[in-house]
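Reviewing the structure listed below.
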Amino acid sequence: MTKHIVVLTGAGMSAESGLKTFRDADGLWEGHDVMQVASPYGFKTNPELVLDFYNQRRRQLLTVEPNSAHYTLAQLEQDFRISIITQNIDDLHERAGSSNIIHLHGELLKVRSTFDDTDILEWKTDLFLGDKCKNGYQLRPHVVWFGEDVPMMKNAIEISQTADILIIIGTSMKVYPAAGLIHYIPENTPIYFIDPNPNISGHNYLTVISEKATTGIQRAINLITG
């Protein structure tokens with residue numbers, strides 16, 4: 001039976017493509033307090049600032065390409081059942097060819113209605129005040145802001161519960177609820193943790209690979225395939 005590898009990815013997965021990791025060491029995003037640009041309160045208080053922030057992110061995303069780590073994960077589908085659970089809002093996994101991806105925190109190249117959160121549109125240009133859904137309500141980025149529910153979490157938990165192997169790439173495992181997924185994998189599941197500055201311990205069957213995504217994923221695969 002084909003083994004099921006669940007891959008949990010964070011900002012470090014896309015950093016080598018040139019995408020900035022949003023949050024700096026001081027907790028600011030591009031000089032902004034996170035609550036100004038990534039919360040319902042921020043959007044209500046200064047929607048232009050929030051839209052501009054995500055417009056800049058969207059423009060940048062369209063100038064970069066997947067890196068070899070993205071392509072390596074896509075190629076793994078030839079030999080394994082692969083499920084990717086990503087905290088990233090970029091589309092680099094999709095562009096590299098991966099076919100089974102859950103975006104926990106939403107997708108930058110989509111927008112949705114502020115009236116009906118199931119009214120979701122593909123969106124690759126700037127989003128402005130006055131851009132409205134079919135019912136006449138303002139559109140907003142299709143991302144999960146601080147203080148909002150993570151609607152894909154239930155799916156992610158169900159997938160994690162069926163893992164034969166867990167690979168974690170480029171995430172601090174400090175952001176909840178995503179960090180809690182490690183508690184749902186079956187007991188004795190091998191875990192490969194890939195990060196240049198790893199800060200994980202206390203798990204049996206844990207292999208820590210202190211490398212960036214592009215080289216670390218190759219080492220993990222070599223260990224898995226023997």
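Following the order of the structure tokens, first chain is A, next is B, and so on, with residues numbered from 1 inside each chain and ligands from 1 in the order they appear.
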Please identify every residue of stretch 23-114 of chain A that has at least one atom no farther than 10 Å from an atom of stretch 165-187 of chain A, counting only C-alpha atoms, and for each give the shortest atom pair and the distance in Å to one decimal, arranged by chain then increasing number, as a tab-separated table.
residue	atom	partner	partner_atom	distance
A:Ala69	CA	A:Ile169	CA	9.5
A:Ile82	CA	A:Ile165	CA	9.8
A:Ser83	CA	A:Leu166	CA	9.8
A:Ile84	CA	A:Ile167	CA	9.4
A:Ile85	CA	A:Ala178	CA	9.0
A:Thr86	CA	A:Ala178	CA	8.9
A:Gln87	CA	A:Ala178	CA	7.5
A:Asn88	CA	A:Thr171	CA	9.9
A:Leu104	CA	A:Ala178	CA	7.6
A:His105	CA	A:Ala178	CA	9.3
Write out as a compact mmCIF listing (two decimals) with N, CA, C and O atoms, in the first residue's frame all residues of stretch 30-215 of chain A that backbone DSSP assigns to helix (DSSP H, G or I).
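Heads up, here's the output in out-v2.txt:
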# COMPACT_ATOMS: atom_id res chain seq x y z
N VAL A 34 0.92 43.92 13.38
CA VAL A 34 0.12 42.91 12.69
C VAL A 34 -1.37 43.18 12.79
O VAL A 34 -2.14 42.88 11.87
N MET A 35 -1.80 43.76 13.88
CA MET A 35 -3.23 44.01 14.04
C MET A 35 -3.73 45.13 13.13
O MET A 35 -4.93 45.25 12.88
N GLN A 36 -2.81 45.95 12.62
CA GLN A 36 -3.21 46.99 11.67
C GLN A 36 -3.52 46.43 10.30
O GLN A 36 -4.38 46.94 9.59
N VAL A 37 -2.78 45.38 9.92
CA VAL A 37 -2.89 44.90 8.54
C VAL A 37 -3.42 43.47 8.43
O VAL A 37 -3.65 43.00 7.31
N PRO A 40 -9.59 41.73 11.51
CA PRO A 40 -10.86 42.38 11.15
C PRO A 40 -10.90 43.82 11.67
O PRO A 40 -11.44 44.71 10.99
N TYR A 41 -10.33 44.05 12.85
CA TYR A 41 -10.30 45.41 13.41
C TYR A 41 -9.52 46.35 12.49
O TYR A 41 -9.94 47.47 12.21
N GLY A 42 -8.35 45.88 12.02
CA GLY A 42 -7.55 46.71 11.13
C GLY A 42 -8.28 47.03 9.85
O GLY A 42 -8.22 48.16 9.35
N PHE A 43 -8.99 46.04 9.31
CA PHE A 43 -9.72 46.25 8.06
C PHE A 43 -10.87 47.24 8.25
O PHE A 43 -11.14 48.07 7.40
N LYS A 44 -11.52 47.15 9.39
CA LYS A 44 -12.61 48.08 9.68
C LYS A 44 -12.09 49.50 9.91
O LYS A 44 -12.70 50.48 9.49
N THR A 45 -10.93 49.60 10.57
CA THR A 45 -10.38 50.90 10.93
C THR A 45 -9.73 51.60 9.75
O THR A 45 -9.93 52.81 9.55
N PRO A 47 -9.28 50.29 5.97
CA PRO A 47 -9.30 49.28 4.91
C PRO A 47 -8.30 49.56 3.79
O PRO A 47 -7.74 48.63 3.21
N GLU A 48 -8.05 50.84 3.50
CA GLU A 48 -7.10 51.16 2.43
C GLU A 48 -5.71 50.63 2.75
O GLU A 48 -5.02 50.09 1.89
N LEU A 49 -5.29 50.78 4.01
CA LEU A 49 -3.98 50.29 4.43
C LEU A 49 -3.89 48.78 4.26
O LEU A 49 -2.89 48.25 3.75
N VAL A 50 -4.93 48.08 4.69
CA VAL A 50 -4.94 46.62 4.61
C VAL A 50 -4.91 46.16 3.15
O VAL A 50 -4.13 45.28 2.78
N LEU A 51 -5.74 46.77 2.32
CA LEU A 51 -5.76 46.39 0.91
C LEU A 51 -4.42 46.66 0.25
O LEU A 51 -3.93 45.84 -0.54
N ASP A 52 -3.81 47.79 0.57
CA ASP A 52 -2.51 48.12 -0.01
C ASP A 52 -1.44 47.12 0.43
O ASP A 52 -0.59 46.71 -0.36
N PHE A 53 -1.49 46.74 1.69
CA PHE A 53 -0.54 45.76 2.21
C PHE A 53 -0.60 44.46 1.42
O PHE A 53 0.42 43.91 0.98
N TYR A 54 -1.82 43.96 1.19
CA TYR A 54 -1.96 42.71 0.45
C TYR A 54 -1.74 42.90 -1.05
O TYR A 54 -1.31 41.97 -1.73
N ASN A 55 -2.02 44.08 -1.57
CA ASN A 55 -1.70 44.36 -2.97
C ASN A 55 -0.18 44.23 -3.20
O ASN A 55 0.26 43.67 -4.20
N GLN A 56 0.59 44.75 -2.25
CA GLN A 56 2.05 44.63 -2.37
C GLN A 56 2.49 43.18 -2.30
O GLN A 56 3.38 42.75 -3.04
N ARG A 57 1.89 42.43 -1.41
CA ARG A 57 2.23 41.01 -1.28
C ARG A 57 1.89 40.27 -2.58
O ARG A 57 2.64 39.42 -3.04
N ARG A 58 0.71 40.59 -3.13
CA ARG A 58 0.25 39.91 -4.34
C ARG A 58 1.17 40.22 -5.51
O ARG A 58 1.54 39.34 -6.29
N ARG A 59 1.54 41.50 -5.65
CA ARG A 59 2.44 41.88 -6.73
C ARG A 59 3.77 41.14 -6.63
O ARG A 59 4.32 40.67 -7.61
N GLN A 60 4.28 41.05 -5.39
CA GLN A 60 5.56 40.37 -5.21
C GLN A 60 5.45 38.89 -5.56
O GLN A 60 6.34 38.32 -6.21
N LEU A 61 4.36 38.26 -5.15
CA LEU A 61 4.17 36.84 -5.42
C LEU A 61 4.22 36.55 -6.91
O LEU A 61 4.78 35.54 -7.34
N SER A 68 13.29 24.65 -5.76
CA SER A 68 13.44 23.21 -5.97
C SER A 68 12.73 22.38 -4.90
O SER A 68 12.33 21.24 -5.16
N ALA A 69 12.56 22.94 -3.70
CA ALA A 69 11.83 22.20 -2.66
C ALA A 69 10.37 22.00 -3.05
O ALA A 69 9.80 20.92 -2.83
N HIS A 70 9.76 23.02 -3.65
CA HIS A 70 8.37 22.88 -4.12
C HIS A 70 8.30 21.78 -5.19
O HIS A 70 7.40 20.94 -5.17
N TYR A 71 9.24 21.81 -6.12
CA TYR A 71 9.21 20.82 -7.21
C TYR A 71 9.48 19.41 -6.69
O TYR A 71 8.88 18.44 -7.16
N THR A 72 10.36 19.30 -5.70
CA THR A 72 10.66 17.99 -5.13
C THR A 72 9.42 17.38 -4.49
O THR A 72 9.13 16.19 -4.67
N LEU A 73 8.66 18.19 -3.77
CA LEU A 73 7.42 17.68 -3.15
C LEU A 73 6.43 17.24 -4.22
O LEU A 73 5.75 16.21 -4.07
N ALA A 74 6.34 18.00 -5.30
CA ALA A 74 5.42 17.64 -6.38
C ALA A 74 5.83 16.30 -7.01
O ALA A 74 4.98 15.44 -7.29
N GLN A 75 7.13 16.10 -7.19
CA GLN A 75 7.61 14.86 -7.80
C GLN A 75 7.40 13.65 -6.89
O GLN A 75 7.27 12.52 -7.37
N LEU A 76 7.34 13.88 -5.59
CA LEU A 76 7.12 12.78 -4.65
C LEU A 76 5.78 12.08 -4.89
O LEU A 76 5.59 10.93 -4.48
N GLU A 77 4.85 12.77 -5.53
CA GLU A 77 3.54 12.18 -5.79
C GLU A 77 3.63 10.96 -6.70
O GLU A 77 2.69 10.16 -6.78
N GLN A 78 4.77 10.81 -7.39
CA GLN A 78 4.95 9.63 -8.25
C GLN A 78 5.11 8.35 -7.42
O GLN A 78 4.80 7.26 -7.90
N LEU A 92 2.76 28.74 -4.67
CA LEU A 92 3.97 28.12 -5.22
C LEU A 92 3.88 26.59 -5.24
O LEU A 92 4.42 25.95 -6.14
N HIS A 93 3.20 26.00 -4.26
CA HIS A 93 2.99 24.55 -4.31
C HIS A 93 2.18 24.16 -5.55
O HIS A 93 2.51 23.20 -6.24
N GLU A 94 1.14 24.94 -5.83
CA GLU A 94 0.30 24.65 -7.00
C GLU A 94 1.11 24.79 -8.28
O GLU A 94 1.04 23.94 -9.17
N ARG A 95 1.87 25.89 -8.37
CA ARG A 95 2.63 26.13 -9.59
C ARG A 95 3.71 25.07 -9.83
O ARG A 95 4.06 24.78 -10.97
N ALA A 96 4.20 24.47 -8.74
CA ALA A 96 5.22 23.42 -8.88
C ALA A 96 4.60 22.09 -9.30
O ALA A 96 5.31 21.18 -9.72
N MET A 153 -9.17 23.91 9.20
CA MET A 153 -8.49 23.16 10.26
C MET A 153 -9.06 21.74 10.42
O MET A 153 -8.30 20.79 10.63
N LYS A 154 -10.36 21.61 10.32
CA LYS A 154 -10.98 20.28 10.48
C LYS A 154 -10.44 19.32 9.43
O LYS A 154 -10.09 18.18 9.74
N ASN A 155 -10.36 19.77 8.18
CA ASN A 155 -9.81 18.94 7.10
C ASN A 155 -8.36 18.56 7.40
O ASN A 155 -7.94 17.43 7.18
N ALA A 156 -7.58 19.55 7.88
CA ALA A 156 -6.17 19.32 8.16
C ALA A 156 -5.99 18.28 9.27
O ALA A 156 -5.09 17.43 9.20
N ILE A 157 -6.85 18.33 10.28
CA ILE A 157 -6.78 17.36 11.37
C ILE A 157 -7.08 15.95 10.84
O ILE A 157 -6.37 14.99 11.14
N GLU A 158 -8.12 15.84 10.02
CA GLU A 158 -8.50 14.53 9.48
C GLU A 158 -7.37 13.94 8.63
O GLU A 158 -7.10 12.74 8.70
N ILE A 159 -6.71 14.78 7.85
CA ILE A 159 -5.58 14.31 7.03
C ILE A 159 -4.42 13.89 7.91
O ILE A 159 -3.78 12.86 7.69
N SER A 160 -4.13 14.69 8.94
CA SER A 160 -3.01 14.38 9.84
C SER A 160 -3.21 13.03 10.52
O SER A 160 -2.24 12.30 10.79
N ALA A 178 -2.27 25.78 13.81
CA ALA A 178 -1.49 24.91 12.92
C ALA A 178 -0.49 24.06 13.67
O ALA A 178 -0.30 22.86 13.37
N ALA A 179 0.17 24.64 14.68
CA ALA A 179 1.20 23.91 15.42
C ALA A 179 0.62 22.69 16.14
O ALA A 179 1.35 21.72 16.42
N GLY A 180 -0.66 22.71 16.42
CA GLY A 180 -1.29 21.61 17.12
C GLY A 180 -1.49 20.36 16.28
O GLY A 180 -1.81 19.29 16.81
N LEU A 181 -1.29 20.48 14.96
CA LEU A 181 -1.52 19.32 14.09
C LEU A 181 -0.60 18.15 14.43
O LEU A 181 -0.95 17.00 14.20
N ILE A 182 0.57 18.44 14.97
CA ILE A 182 1.52 17.38 15.30
C ILE A 182 0.94 16.42 16.34
O ILE A 182 1.34 15.27 16.44
N HIS A 183 -0.05 16.89 17.10
CA HIS A 183 -0.65 16.05 18.14
C HIS A 183 -1.71 15.09 17.59
O HIS A 183 -2.22 14.24 18.32
N ALA A 213 15.01 24.64 3.26
CA ALA A 213 14.05 23.72 2.64
C ALA A 213 14.63 22.96 1.47
O ALA A 213 14.45 21.74 1.35
N THR A 214 15.35 23.63 0.57
CA THR A 214 15.77 22.99 -0.68
C THR A 214 16.73 21.83 -0.46
O THR A 214 16.65 20.82 -1.15
N THR A 215 17.63 21.96 0.51
CA THR A 215 18.56 20.85 0.77
C THR A 215 17.99 19.88 1.80
O THR A 215 18.21 18.68 1.72
*as a PyMOL selection string, list the residues of chain A assigned to strand (DSSP E) by DSSP on the backbone atoms of this structure.*
chain A and resi 4-9+28-29+32-33+81-86+101-103+106-113+120-122+139-143+165-169+191-194+206-209
*Do you have the atom CA of A:Asp195-atom CA of A:Ser14 distance handy?*
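Going from atom CA of A:Asp195 over to atom CA of A:Ser14, I get 12.3 Å.
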